[in-house]
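Working notes for the structure below.
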Amino acid sequence: YADGTSGAAKNDDGVASGATYTYEVPERAGPGPMDGSPVMWMYHSQTDEVADDYSGLVGPMVITKASAARTDGTPNDVDREFFLQFKVSDENASPYLQRNIDKFAGKPATVSSDDEEFGESNLMHSVNGYVYGNEPLEALTMKKGERVRWYLMGVGTEVDLHTPHWHGNTVTALGMRTDVVNLLPASMVVADMVPDDVGT
């Protein structure tokens with residue numbers, strides 16, 4: 001990562017498999033006066049931003065006020081946290097495209113990556129990488145009365161306009177009560193909920 005640093009300051013540019021690096025968080029990266037106990041930021045690779053994103057090198061980072069954090073860093077004002085990434089993932093731009101063709105196509109030699117229908121078939125409308133609404137239900141299970149925090153991310157291109165919504169329950173997001181939030185590409189919203197309407 002070409003960030004203009006040298007010497008020991010280069011140690012944060014890439015962390016080897018199995019290694020660790022402790023990053024110092026400046027105050028301006030933490031919650032501001034109008035924020036709740038945490039704020040969310042989006043990590044994404046800077047090496048090849050498009051291809052790396054479409055191969056999964058993207059995710060949330062949560063910065064919690066020290067005074068509102070448990071010893072493991074999680075916020076102490078919630079019982080459960082959910083992290084959701086909404087994206088139309090363009091697998092045509094993934095560095096794994098040819099590997100996936102070779103592995104999953106019945107006759108890899110007959111696949112033309114220039115074919116318009118093939119290209120369209122590789123646009124995966126997903127939540128956390130799951131398509132067709134098949135994220136495991138237990139990954140989003142909560143109990144009535146729990147304090148639940150939702151960390152929502154919109155990633156992608158100009159087609160990534162998402163409106164996550166909750167049926168029968170509401171959240172508080174951006175200082176208002178609602179049952180739907182708007183996500184644009186590269187946007188993040190933290191929403192709090194106390195579910196009171198039991199159901200699936």
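Following the order of the structure tokens, first chain is A, next is B, and so on, with residues numbered from 1 inside each chain and ligands from 1 in the order they appear.
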
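Near Glu158 in chain A, within 12 Å and counting only C-alpha atoms, sit Lys87, Val88, Gly154, Val155, Gly156, Asp160, Leu161, His162, Leu183, Leu184, Pro185 and Ala186 of chain A, not including residues fewer than 2 positions from it in the same chain.
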
Would you export the selected residues with C-alpha atoms as a short mmCIF file (atom, residue, chain, number, x, y, z; two decimals), in the first residue's frame, please?
```
data_model
loop_
_atom_site.label_atom_id
_atom_site.label_comp_id
_atom_site.auth_asym_id
_atom_site.auth_seq_id
_atom_site.Cartn_x
_atom_site.Cartn_y
_atom_site.Cartn_z
CA LYS A 87 -24.31 -5.14 -2.72
CA VAL A 88 -24.68 -6.19 -6.32
CA GLY A 154 -24.04 -0.24 1.00
CA VAL A 155 -21.24 -1.15 -1.40
CA GLY A 156 -20.89 -1.24 -5.17
CA ASP A 160 -26.54 -0.28 -5.56
CA LEU A 161 -29.49 1.61 -4.12
CA HIS A 162 -30.77 -0.41 -1.17
CA LEU A 183 -28.15 2.94 1.55
CA LEU A 184 -26.19 4.31 -1.38
CA PRO A 185 -22.83 2.99 -2.61
CA ALA A 186 -20.13 3.42 0.05
#
```

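Residues in contact with Asp53 in chain A at up to 9 Å, not including ones fewer than 3 positions away on its chain and judged by only C-alpha atoms, are His44, Ser45, Asp48, Glu49, Val50, Gly56, Leu57, Val58, Ser89, Ser94, Val155 and Gly156 of chain A.
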
Expected file: the selected residues, all heavy atoms, as a PDB file, in the first residue's frame:
```pdb
ATOM      1  N   HIS A  44     -11.913  -1.474   3.024  1.00  0.00           N
ATOM      2  CA  HIS A  44     -11.818  -2.101   1.714  1.00  0.00           C
ATOM      3  C   HIS A  44     -10.373  -2.028   1.265  1.00  0.00           C
ATOM      4  O   HIS A  44      -9.628  -1.126   1.626  1.00  0.00           O
ATOM      5  CB  HIS A  44     -12.744  -1.456   0.675  1.00  0.00           C
ATOM      6  CG  HIS A  44     -12.473   0.000   0.446  1.00  0.00           C
ATOM      7  ND1 HIS A  44     -11.573   0.451  -0.497  1.00  0.00           N
ATOM      8  CD2 HIS A  44     -12.961   1.097   1.042  1.00  0.00           C
ATOM      9  CE1 HIS A  44     -11.539   1.767  -0.470  1.00  0.00           C
ATOM     10  NE2 HIS A  44     -12.373   2.186   0.466  1.00  0.00           N
ATOM     11  N   SER A  45      -9.962  -3.001   0.497  1.00  0.00           N
ATOM     12  CA  SER A  45      -8.590  -3.073   0.025  1.00  0.00           C
ATOM     13  C   SER A  45      -8.270  -1.866  -0.847  1.00  0.00           C
ATOM     14  O   SER A  45      -9.116  -1.385  -1.593  1.00  0.00           O
ATOM     15  CB  SER A  45      -8.399  -4.352  -0.784  1.00  0.00           C
ATOM     16  OG  SER A  45      -7.150  -4.340  -1.435  1.00  0.00           O
ATOM     17  N   ASP A  48      -6.275  -3.237  -5.361  1.00  0.00           N
ATOM     18  CA  ASP A  48      -7.075  -3.185  -6.589  1.00  0.00           C
ATOM     19  C   ASP A  48      -8.516  -3.073  -6.102  1.00  0.00           C
ATOM     20  O   ASP A  48      -9.199  -4.076  -5.926  1.00  0.00           O
ATOM     21  CB  ASP A  48      -6.867  -4.435  -7.437  1.00  0.00           C
ATOM     22  CG  ASP A  48      -7.608  -4.382  -8.761  1.00  0.00           C
ATOM     23  OD1 ASP A  48      -8.589  -3.605  -8.880  1.00  0.00           O
ATOM     24  OD2 ASP A  48      -7.220  -5.106  -9.690  1.00  0.00           O
ATOM     25  N   GLU A  49      -8.956  -1.834  -5.857  1.00  0.00           N
ATOM     26  CA  GLU A  49     -10.208  -1.610  -5.144  1.00  0.00           C
ATOM     27  C   GLU A  49     -11.396  -2.355  -5.736  1.00  0.00           C
ATOM     28  O   GLU A  49     -12.208  -2.904  -5.007  1.00  0.00           O
ATOM     29  CB  GLU A  49     -10.511  -0.115  -5.063  1.00  0.00           C
ATOM     30  CG  GLU A  49      -9.563   0.609  -4.136  1.00  0.00           C
ATOM     31  CD  GLU A  49      -9.927   2.056  -3.935  1.00  0.00           C
ATOM     32  OE1 GLU A  49     -11.100   2.328  -3.615  1.00  0.00           O
ATOM     33  OE2 GLU A  49      -9.049   2.917  -4.101  1.00  0.00           O
ATOM     34  N   VAL A  50     -11.524  -2.379  -7.054  1.00  0.00           N
ATOM     35  CA  VAL A  50     -12.686  -3.014  -7.674  1.00  0.00           C
ATOM     36  C   VAL A  50     -12.589  -4.531  -7.565  1.00  0.00           C
ATOM     37  O   VAL A  50     -13.471  -5.186  -7.007  1.00  0.00           O
ATOM     38  CB  VAL A  50     -12.834  -2.576  -9.145  1.00  0.00           C
ATOM     39  CG1 VAL A  50     -13.942  -3.353  -9.828  1.00  0.00           C
ATOM     40  CG2 VAL A  50     -13.105  -1.077  -9.214  1.00  0.00           C
ATOM     41  N   GLY A  56     -14.183 -10.124  -2.030  1.00  0.00           N
ATOM     42  CA  GLY A  56     -14.514 -10.217  -0.621  1.00  0.00           C
ATOM     43  C   GLY A  56     -13.663  -9.411   0.337  1.00  0.00           C
ATOM     44  O   GLY A  56     -13.860  -9.497   1.546  1.00  0.00           O
ATOM     45  N   LEU A  57     -12.724  -8.606  -0.151  1.00  0.00           N
ATOM     46  CA  LEU A  57     -11.871  -7.825   0.743  1.00  0.00           C
ATOM     47  C   LEU A  57     -12.540  -6.506   1.111  1.00  0.00           C
ATOM     48  O   LEU A  57     -12.067  -5.419   0.794  1.00  0.00           O
ATOM     49  CB  LEU A  57     -10.498  -7.589   0.105  1.00  0.00           C
ATOM     50  CG  LEU A  57      -9.632  -8.837   0.016  1.00  0.00           C
ATOM     51  CD1 LEU A  57      -8.365  -8.549  -0.772  1.00  0.00           C
ATOM     52  CD2 LEU A  57      -9.283  -9.359   1.396  1.00  0.00           C
ATOM     53  N   VAL A  58     -13.662  -6.614   1.786  1.00  0.00           N
ATOM     54  CA  VAL A  58     -14.431  -5.456   2.243  1.00  0.00           C
ATOM     55  C   VAL A  58     -15.182  -5.870   3.492  1.00  0.00           C
ATOM     56  O   VAL A  58     -15.554  -7.041   3.635  1.00  0.00           O
ATOM     57  CB  VAL A  58     -15.401  -4.964   1.133  1.00  0.00           C
ATOM     58  CG1 VAL A  58     -16.416  -6.028   0.766  1.00  0.00           C
ATOM     59  CG2 VAL A  58     -16.080  -3.676   1.529  1.00  0.00           C
ATOM     60  N   SER A  89     -22.819  -7.709  -6.354  1.00  0.00           N
ATOM     61  CA  SER A  89     -21.419  -8.107  -6.542  1.00  0.00           C
ATOM     62  C   SER A  89     -21.196  -8.543  -7.985  1.00  0.00           C
ATOM     63  O   SER A  89     -21.833  -9.473  -8.468  1.00  0.00           O
ATOM     64  CB  SER A  89     -21.080  -9.249  -5.581  1.00  0.00           C
ATOM     65  OG  SER A  89     -19.703  -9.493  -5.584  1.00  0.00           O
ATOM     66  N   SER A  94     -14.173 -10.032 -10.623  1.00  0.00           N
ATOM     67  CA  SER A  94     -13.406 -10.721  -9.592  1.00  0.00           C
ATOM     68  C   SER A  94     -12.196 -11.416 -10.207  1.00  0.00           C
ATOM     69  O   SER A  94     -12.271 -11.958 -11.316  1.00  0.00           O
ATOM     70  CB  SER A  94     -14.281 -11.782  -8.907  1.00  0.00           C
ATOM     71  OG  SER A  94     -13.483 -12.649  -8.124  1.00  0.00           O
ATOM     72  N   VAL A 155     -22.489  -1.089  -0.647  1.00  0.00           N
ATOM     73  CA  VAL A 155     -21.237  -1.155  -1.402  1.00  0.00           C
ATOM     74  C   VAL A 155     -21.595  -1.313  -2.867  1.00  0.00           C
ATOM     75  O   VAL A 155     -22.673  -1.770  -3.208  1.00  0.00           O
ATOM     76  CB  VAL A 155     -20.379  -2.359  -0.933  1.00  0.00           C
ATOM     77  CG1 VAL A 155     -19.012  -2.351  -1.585  1.00  0.00           C
ATOM     78  CG2 VAL A 155     -20.224  -2.370   0.569  1.00  0.00           C
ATOM     79  N   GLY A 156     -20.694  -0.947  -3.761  1.00  0.00           N
ATOM     80  CA  GLY A 156     -20.894  -1.243  -5.173  1.00  0.00           C
ATOM     81  C   GLY A 156     -20.889  -0.033  -6.077  1.00  0.00           C
ATOM     82  O   GLY A 156     -20.108   0.890  -5.889  1.00  0.00           O
TER      83      GLY A 156
END
```

Response to the item:
With distances taken over only C-alpha atoms, the candidate from A:Phe118, A:Trp166, A:Tyr151, A:Tyr23 nearest Gly59 in chain A is A:Tyr151

Worksheet item: If you run DSSP on this backbone, which residues of chain A come out as helix (DSSP H, G or I), and could you give them as a count of residues only?
Response: 42

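Within the 12 Å cut-off around Arg177 in chain A, using only C-alpha atoms and omitting residues fewer than 6 positions from it on the same chain, the listed residues are Trp166, Asn169, Thr170, Val171, Ala191, Asp192, Met193 and Val194 of chain A.
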
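Minimum distance to Thr200 in chain A across A:Leu123, A:Leu137, A:Met40, A:Val131 (counting only C-alpha atoms) occurs at A:Leu137.
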
Discussion item. Considering only strand (DSSP E or B) as DSSP defines it on the backbone, what residues of chain A qualify? List them as a ChimeraX atom specification.
Written reply: /A:38-44,58-64,69,75,80-90,123-127,130,148-154,162,165,171-173,176-178,180,183,187-193

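Here CA of Arg70 in chain A stands at a distance of 29.3 Å from CA of Val180 in chain A.
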